[in-house]
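Structure, as structure tokens:
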Amino acid sequence: MKGGVGKTTVTMHLAGTFARLEFNKRRKKILAIDYDPQFNLSQAFLPPRIYFGLEKRNKTIMSVLVDSDKNLDPFKIQVPGNESPPSVAELKFNIYNYKDACLDIIPSTLDLMYLALGQPEKKTKPMEERFNKFIAECKSEYDLVFIDCHPAGSLFTKTALQNSNHVIIPVAPERYAIRGIGLMMQFIKAKTIGANIPKPHILFNLADRRGISTIERTIRDDPKFKDYCMGQTLKKYKAFSDPIDGKGFVWSSAKPYSTEAFLNVLKVAREFYDRINE
Ligand SMILES: Nc1ncnc2c1ncn2[C@@H]1O[C@H](COP(=O)(O)OP(=O)(O)O)[C@@H](O)[C@H]1O
Ligand SMILES: [Mg+2]
């Protein structure tokens, strides 16, 4: 629900870690979907030349929701002509390969903003239907599918939650964090979202490397949230904010604190793996 708490940072680092390392003696096929019109995840993984090439050819998450030949008019409601999304193979872009393991990404586009405008439910149904079908295909092709959400309760958040088994809620140590988590938990369980209730995992992000913040302590002690809190936290490391244009990831750079940061994200990934395989 919130911006700047680390949704994109967590997505890119967990997705990369799962593709590169063995979990349960096996590397994984990972897909990372950028579902935010601000397309930060796409910018982290793709150099501009490649990104704009893909965008021009409509190889973005936008094509899952509406036909790519649509005339985008911000004052016109977008409705797809049919309920058949493109296939994953048509949209994915490969970032990393090792034997059977891979990291593929589906970029986003600023144009997605046009779809985010308030729309009556009847009109959005075909988009939801297309997204559902698309994710069903993703689930059959990959071991793990990460969806990087945008910060609002919208059609995107709704469809992402409807199709997820788990939802990671990164929490930055700021004053209104508790209210934010409360709202998020309500939103996840709201009937309007649908019958599927993903399992929440609260991940404290930007945590101090030494201590624990008062806000983290308060949330951990709250009976409403305590069972959902991950034990591991993602610490504040400059190395986590470096990735751009497909470069600067902790697993491929030799900058100060990269190794420490990498070990940190590895611990988070291991715990997440255990939690989703419980
Ligand atoms: N653990 C971290 N250590 C250092 N910087 C971080 C960390 N998590 C997030 N950031 C930085 O904070 C800013 C917001 O994070 P981002 O992942 O883009 O948030 P969101 O996707 O929720 O809007 C970015 O500049 C990012 O690089
Ligand atoms: Mg983001």
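Lettering and numbering for the structure tokens are positional, with chains as A, B, ... in the shown order, residues counted from 1 in each chain, and ligands counted from 1 in the shown order.
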
Contacts with ligand 2 at most 7 Å, only C-alpha atoms and all ligand atoms counted, listed as an mmCIF file with N, CA, C and O atoms, in the first residue's frame:
data_model
loop_
_atom_site.group_PDB
_atom_site.id
_atom_site.type_symbol
_atom_site.label_atom_id
_atom_site.label_comp_id
_atom_site.auth_asym_id
_atom_site.auth_seq_id
_atom_site.Cartn_x
_atom_site.Cartn_y
_atom_site.Cartn_z
ATOM 1 N N GLY A 3 4.453 3.627 -0.592
ATOM 2 C CA GLY A 3 5.603 3.778 -1.476
ATOM 3 C C GLY A 3 6.866 3.871 -0.644
ATOM 4 O O GLY A 3 6.833 4.286 0.520
ATOM 5 N N GLY A 4 7.977 3.481 -1.248
ATOM 6 C CA GLY A 4 9.261 3.670 -0.595
ATOM 7 C C GLY A 4 9.560 2.774 0.590
ATOM 8 O O GLY A 4 10.466 3.058 1.368
ATOM 9 N N GLY A 6 10.219 -0.573 0.181
ATOM 10 C CA GLY A 6 11.134 -1.632 -0.255
ATOM 11 C C GLY A 6 10.489 -2.750 -1.055
ATOM 12 O O GLY A 6 11.084 -3.819 -1.223
ATOM 13 N N LYS A 7 9.295 -2.526 -1.584
ATOM 14 C CA LYS A 7 8.644 -3.584 -2.363
ATOM 15 C C LYS A 7 9.523 -4.012 -3.539
ATOM 16 O O LYS A 7 9.766 -5.194 -3.751
ATOM 17 N N THR A 8 9.983 -3.024 -4.289
ATOM 18 C CA THR A 8 10.787 -3.330 -5.474
ATOM 19 C C THR A 8 12.151 -3.911 -5.089
ATOM 20 O O THR A 8 12.631 -4.868 -5.700
ATOM 21 N N ASP A 36 3.903 -2.272 -11.657
ATOM 22 C CA ASP A 36 3.842 -0.900 -11.160
ATOM 23 C C ASP A 36 4.131 0.045 -12.323
ATOM 24 O O ASP A 36 5.170 -0.086 -12.972
ATOM 25 N N ASN A 40 10.016 0.654 -11.806
ATOM 26 C CA ASN A 40 11.341 0.635 -11.159
ATOM 27 C C ASN A 40 12.036 -0.722 -11.275
ATOM 28 O O ASN A 40 13.247 -0.789 -11.461
ATOM 29 N N LEU A 41 11.251 -1.783 -11.165
ATOM 30 C CA LEU A 41 11.845 -3.121 -11.268
ATOM 31 C C LEU A 41 12.448 -3.329 -12.664
ATOM 32 O O LEU A 41 13.552 -3.852 -12.808
ATOM 33 N N ASP A 148 5.709 -7.475 -8.390
ATOM 34 C CA ASP A 148 6.050 -6.227 -7.696
ATOM 35 C C ASP A 148 4.883 -5.253 -7.843
ATOM 36 O O ASP A 148 4.583 -4.792 -8.939
ATOM 37 N N CYS A 149 4.219 -4.950 -6.731
ATOM 38 C CA CYS A 149 3.000 -4.135 -6.779
ATOM 39 C C CYS A 149 3.288 -2.645 -6.680
ATOM 40 O O CYS A 149 4.375 -2.235 -6.307
ATOM 41 N N HIS A 150 2.277 -1.873 -7.013
ATOM 42 C CA HIS A 150 2.404 -0.427 -6.844
ATOM 43 C C HIS A 150 1.719 -0.017 -5.543
ATOM 44 O O HIS A 150 0.946 -0.784 -4.980
#

Cut-off 10 Å: closest chain A/ligand 1 atom pairs per residue, using only C-alpha atoms and all ligand atoms, as a Markdown table:
| residue | atom | partner | partner_atom_place_in_ligand_line | distance |
| --- | --- | --- | --- | --- |
| A:Met1 | CA | ligand 1 | 22 (O) | 8.3 |
| A:Lys2 | CA | ligand 1 | 22 (O) | 6.2 |
| A:Gly3 | CA | ligand 1 | 23 (O) | 3.8 |
| A:Gly4 | CA | ligand 1 | 23 (O) | 3.4 |
| A:Val5 | CA | ligand 1 | 22 (O) | 4.0 |
| A:Gly6 | CA | ligand 1 | 17 (O) | 3.2 |
| A:Lys7 | CA | ligand 1 | 22 (O) | 3.8 |
| A:Thr8 | CA | ligand 1 | 21 (O) | 3.8 |
| A:Thr9 | CA | ligand 1 | 17 (O) | 3.7 |
| A:Val10 | CA | ligand 1 | 17 (O) | 6.4 |
| A:Thr11 | CA | ligand 1 | 17 (O) | 7.9 |
| A:Met12 | CA | ligand 1 | 17 (O) | 8.6 |
| A:His13 | CA | ligand 1 | 17 (O) | 9.9 |
| A:Asp36 | CA | ligand 1 | 21 (O) | 8.7 |
| A:Gln38 | CA | ligand 1 | 23 (O) | 9.1 |
| A:Phe39 | CA | ligand 1 | 21 (O) | 9.6 |
| A:Asn40 | CA | ligand 1 | 18 (O) | 6.8 |
| A:Leu41 | CA | ligand 1 | 21 (O) | 8.1 |
| A:Ala44 | CA | ligand 1 | 27 (O) | 9.8 |
| A:Asp148 | CA | ligand 1 | 21 (O) | 7.5 |
| A:Cys149 | CA | ligand 1 | 21 (O) | 7.6 |
| A:His150 | CA | ligand 1 | 21 (O) | 7.1 |
| A:Pro151 | CA | ligand 1 | 23 (O) | 6.9 |
| A:Ile169 | CA | ligand 1 | 22 (O) | 9.4 |
| A:Pro170 | CA | ligand 1 | 22 (O) | 7.5 |
| A:Val171 | CA | ligand 1 | 22 (O) | 8.9 |
| A:Ala172 | CA | ligand 1 | 8 (N) | 8.1 |
| A:Phe204 | CA | ligand 1 | 1 (N) | 9.0 |
| A:Asn205 | CA | ligand 1 | 1 (N) | 5.4 |
| A:Leu206 | CA | ligand 1 | 1 (N) | 4.2 |
| A:Ala207 | CA | ligand 1 | 1 (N) | 7.0 |
| A:Asp208 | CA | ligand 1 | 1 (N) | 9.3 |
| A:Thr233 | CA | ligand 1 | 1 (N) | 8.8 |
| A:Leu234 | CA | ligand 1 | 1 (N) | 5.3 |
| A:Lys235 | CA | ligand 1 | 1 (N) | 4.9 |
| A:Lys236 | CA | ligand 1 | 3 (N) | 3.5 |
| A:Tyr237 | CA | ligand 1 | 3 (N) | 4.1 |
| A:Lys238 | CA | ligand 1 | 4 (C) | 4.7 |
| A:Ala239 | CA | ligand 1 | 4 (C) | 6.7 |
| A:Phe240 | CA | ligand 1 | 3 (N) | 4.9 |
| A:Ser241 | CA | ligand 1 | 27 (O) | 3.3 |
| A:Asp242 | CA | ligand 1 | 27 (O) | 6.6 |
| A:Pro243 | CA | ligand 1 | 27 (O) | 8.0 |
| A:Ile244 | CA | ligand 1 | 27 (O) | 9.8 |
| A:Ala261 | CA | ligand 1 | 1 (N) | 8.6 |
| A:Asn264 | CA | ligand 1 | 1 (N) | 9.5 |
| A:Val265 | CA | ligand 1 | 1 (N) | 9.1 |

Counting only C-alpha atoms, closest pick from A:Leu65, A:Phe225, A:Asp104, A:Ser42 relative to A:Lys125 is A:Leu65

From a DSSP pass on the backbone, collect the residues of stretch 94-255 of chain A flagged as strand (DSSP E) and hand them back as a PDB file with N, CA and C atoms, in the first residue's frame.
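The resulting file, selection_21.pdb, is shown below:
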ATOM      1  N   ASN A  94      14.523 -12.833 -20.746  1.00  0.00           N
ATOM      2  CA  ASN A  94      15.448 -13.581 -19.890  1.00  0.00           C
ATOM      3  C   ASN A  94      16.593 -12.715 -19.374  1.00  0.00           C
ATOM      4  N   ILE A  95      16.803 -12.762 -18.060  1.00  0.00           N
ATOM      5  CA  ILE A  95      17.854 -11.984 -17.413  1.00  0.00           C
ATOM      6  C   ILE A  95      19.037 -12.871 -17.074  1.00  0.00           C
ATOM      7  N   TYR A  96      18.754 -14.096 -16.664  1.00  0.00           N
ATOM      8  CA  TYR A  96      19.802 -14.969 -16.149  1.00  0.00           C
ATOM      9  C   TYR A  96      19.428 -16.415 -16.382  1.00  0.00           C
ATOM     10  N   ASN A  97      20.446 -17.218 -16.755  1.00  0.00           N
ATOM     11  CA  ASN A  97      20.252 -18.645 -16.997  1.00  0.00           C
ATOM     12  C   ASN A  97      21.359 -19.439 -16.364  1.00  0.00           C
ATOM     13  N   TYR A  98      21.047 -20.539 -15.774  1.00  0.00           N
ATOM     14  CA  TYR A  98      22.088 -21.466 -15.342  1.00  0.00           C
ATOM     15  C   TYR A  98      21.463 -22.854 -15.336  1.00  0.00           C
ATOM     16  N   ALA A 101      17.880 -23.500 -14.235  1.00  0.00           N
ATOM     17  CA  ALA A 101      17.383 -22.339 -13.501  1.00  0.00           C
ATOM     18  C   ALA A 101      17.350 -21.107 -14.396  1.00  0.00           C
ATOM     19  N   CYS A 102      16.479 -20.186 -14.068  1.00  0.00           N
ATOM     20  CA  CYS A 102      16.453 -18.941 -14.834  1.00  0.00           C
ATOM     21  C   CYS A 102      15.792 -17.830 -14.040  1.00  0.00           C
ATOM     22  N   LEU A 103      16.097 -16.630 -14.456  1.00  0.00           N
ATOM     23  CA  LEU A 103      15.346 -15.468 -13.977  1.00  0.00           C
ATOM     24  C   LEU A 103      14.816 -14.756 -15.215  1.00  0.00           C
ATOM     25  N   ASP A 104      13.493 -14.731 -15.338  1.00  0.00           N
ATOM     26  CA  ASP A 104      12.850 -14.000 -16.431  1.00  0.00           C
ATOM     27  C   ASP A 104      12.094 -12.827 -15.837  1.00  0.00           C
ATOM     28  N   ILE A 105      11.926 -11.803 -16.656  1.00  0.00           N
ATOM     29  CA  ILE A 105      11.154 -10.655 -16.150  1.00  0.00           C
ATOM     30  C   ILE A 105      10.109 -10.233 -17.180  1.00  0.00           C
ATOM     31  N   ILE A 106       9.005  -9.726 -16.672  1.00  0.00           N
ATOM     32  CA  ILE A 106       8.017  -9.084 -17.546  1.00  0.00           C
ATOM     33  C   ILE A 106       7.973  -7.625 -17.117  1.00  0.00           C
ATOM     34  N   LEU A 144       8.620 -20.138  -8.904  1.00  0.00           N
ATOM     35  CA  LEU A 144       8.168 -18.998  -8.107  1.00  0.00           C
ATOM     36  C   LEU A 144       7.903 -17.813  -9.026  1.00  0.00           C
ATOM     37  N   VAL A 145       6.802 -17.135  -8.751  1.00  0.00           N
ATOM     38  CA  VAL A 145       6.471 -15.937  -9.527  1.00  0.00           C
ATOM     39  C   VAL A 145       6.337 -14.767  -8.557  1.00  0.00           C
ATOM     40  N   PHE A 146       7.166 -13.751  -8.752  1.00  0.00           N
ATOM     41  CA  PHE A 146       7.100 -12.557  -7.907  1.00  0.00           C
ATOM     42  C   PHE A 146       6.357 -11.455  -8.647  1.00  0.00           C
ATOM     43  N   ILE A 147       5.431 -10.801  -7.960  1.00  0.00           N
ATOM     44  CA  ILE A 147       4.734  -9.669  -8.573  1.00  0.00           C
ATOM     45  C   ILE A 147       5.056  -8.420  -7.756  1.00  0.00           C
ATOM     46  N   ASP A 148       5.709  -7.475  -8.390  1.00  0.00           N
ATOM     47  CA  ASP A 148       6.050  -6.227  -7.696  1.00  0.00           C
ATOM     48  C   ASP A 148       4.883  -5.253  -7.843  1.00  0.00           C
ATOM     49  N   HIS A 166       1.049 -16.088  -1.471  1.00  0.00           N
ATOM     50  CA  HIS A 166       1.724 -15.415  -0.367  1.00  0.00           C
ATOM     51  C   HIS A 166       1.859 -13.940  -0.692  1.00  0.00           C
ATOM     52  N   VAL A 167       1.869 -13.120   0.352  1.00  0.00           N
ATOM     53  CA  VAL A 167       2.141 -11.699   0.118  1.00  0.00           C
ATOM     54  C   VAL A 167       3.194 -11.217   1.119  1.00  0.00           C
ATOM     55  N   ILE A 168       4.287 -10.717   0.584  1.00  0.00           N
ATOM     56  CA  ILE A 168       5.329 -10.162   1.445  1.00  0.00           C
ATOM     57  C   ILE A 168       4.990  -8.694   1.674  1.00  0.00           C
ATOM     58  N   ILE A 169       4.947  -8.299   2.934  1.00  0.00           N
ATOM     59  CA  ILE A 169       4.662  -6.904   3.266  1.00  0.00           C
ATOM     60  C   ILE A 169       5.924  -6.283   3.869  1.00  0.00           C
ATOM     61  N   PRO A 170       6.686  -5.555   3.048  1.00  0.00           N
ATOM     62  CA  PRO A 170       7.874  -4.924   3.621  1.00  0.00           C
ATOM     63  C   PRO A 170       7.443  -3.753   4.492  1.00  0.00           C
ATOM     64  N   VAL A 171       8.054  -3.655   5.650  1.00  0.00           N
ATOM     65  CA  VAL A 171       7.718  -2.582   6.577  1.00  0.00           C
ATOM     66  C   VAL A 171       8.982  -1.795   6.908  1.00  0.00           C
ATOM     67  N   LYS A 199      -1.277 -15.735   2.087  1.00  0.00           N
ATOM     68  CA  LYS A 199      -0.691 -15.729   3.435  1.00  0.00           C
ATOM     69  C   LYS A 199       0.270 -14.551   3.577  1.00  0.00           C
ATOM     70  N   PRO A 200       0.049 -13.686   4.582  1.00  0.00           N
ATOM     71  CA  PRO A 200       0.929 -12.524   4.729  1.00  0.00           C
ATOM     72  C   PRO A 200       2.249 -12.847   5.422  1.00  0.00           C
ATOM     73  N   HIS A 201       3.305 -12.206   4.981  1.00  0.00           N
ATOM     74  CA  HIS A 201       4.610 -12.315   5.626  1.00  0.00           C
ATOM     75  C   HIS A 201       5.149 -10.899   5.804  1.00  0.00           C
ATOM     76  N   ILE A 202       5.197 -10.450   7.047  1.00  0.00           N
ATOM     77  CA  ILE A 202       5.701  -9.096   7.307  1.00  0.00           C
ATOM     78  C   ILE A 202       7.223  -9.148   7.362  1.00  0.00           C
ATOM     79  N   LEU A 203       7.851  -8.360   6.490  1.00  0.00           N
ATOM     80  CA  LEU A 203       9.316  -8.342   6.458  1.00  0.00           C
ATOM     81  C   LEU A 203       9.805  -6.937   6.832  1.00  0.00           C
ATOM     82  N   PHE A 204      10.492  -6.825   7.953  1.00  0.00           N
ATOM     83  CA  PHE A 204      11.021  -5.518   8.350  1.00  0.00           C
ATOM     84  C   PHE A 204      12.193  -5.184   7.441  1.00  0.00           C
TER      85      PHE A 204
END

Go through stretch 83-141 of chain A and flag each residue having an atom no more than 8 Å from stretch 153-163 of chain A; for those, report the closest pair of atoms plus their distance in Å to one decimal, using only C-alpha atoms, ordered by chain and rising number, as a Markdown table.
| residue | atom | partner | partner_atom | distance |
| --- | --- | --- | --- | --- |
| A:Ala116 | CA | A:Leu155 | CA | 6.8 |
| A:Thr124 | CA | A:Leu155 | CA | 7.9 |
| A:Glu128 | CA | A:Thr159 | CA | 6.3 |
| A:Phe131 | CA | A:Thr159 | CA | 7.0 |
| A:Asn132 | CA | A:Asn163 | CA | 6.5 |
| A:Ile135 | CA | A:Asn163 | CA | 6.9 |

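From atom CA of A:Ile50 back to atom CA of A:Ser63, the distance works out to 17.5 Å.
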
One residue among A:Ile219, A:Thr214, A:Gly246, A:Tyr176 is nearest to A:Tyr51 when using only C-alpha atoms, and that residue is A:Gly246

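The two atoms in question, atom CA of A:Phe272 and atom CA of A:Pro107, are spaced 24.0 Å apart.
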
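Remark: for A:Lys139, the closest of the candidate residues A:Arg49, A:Lys122, A:Lys29, A:Lys267 is A:Lys29 (distances computed over only C-alpha atoms).
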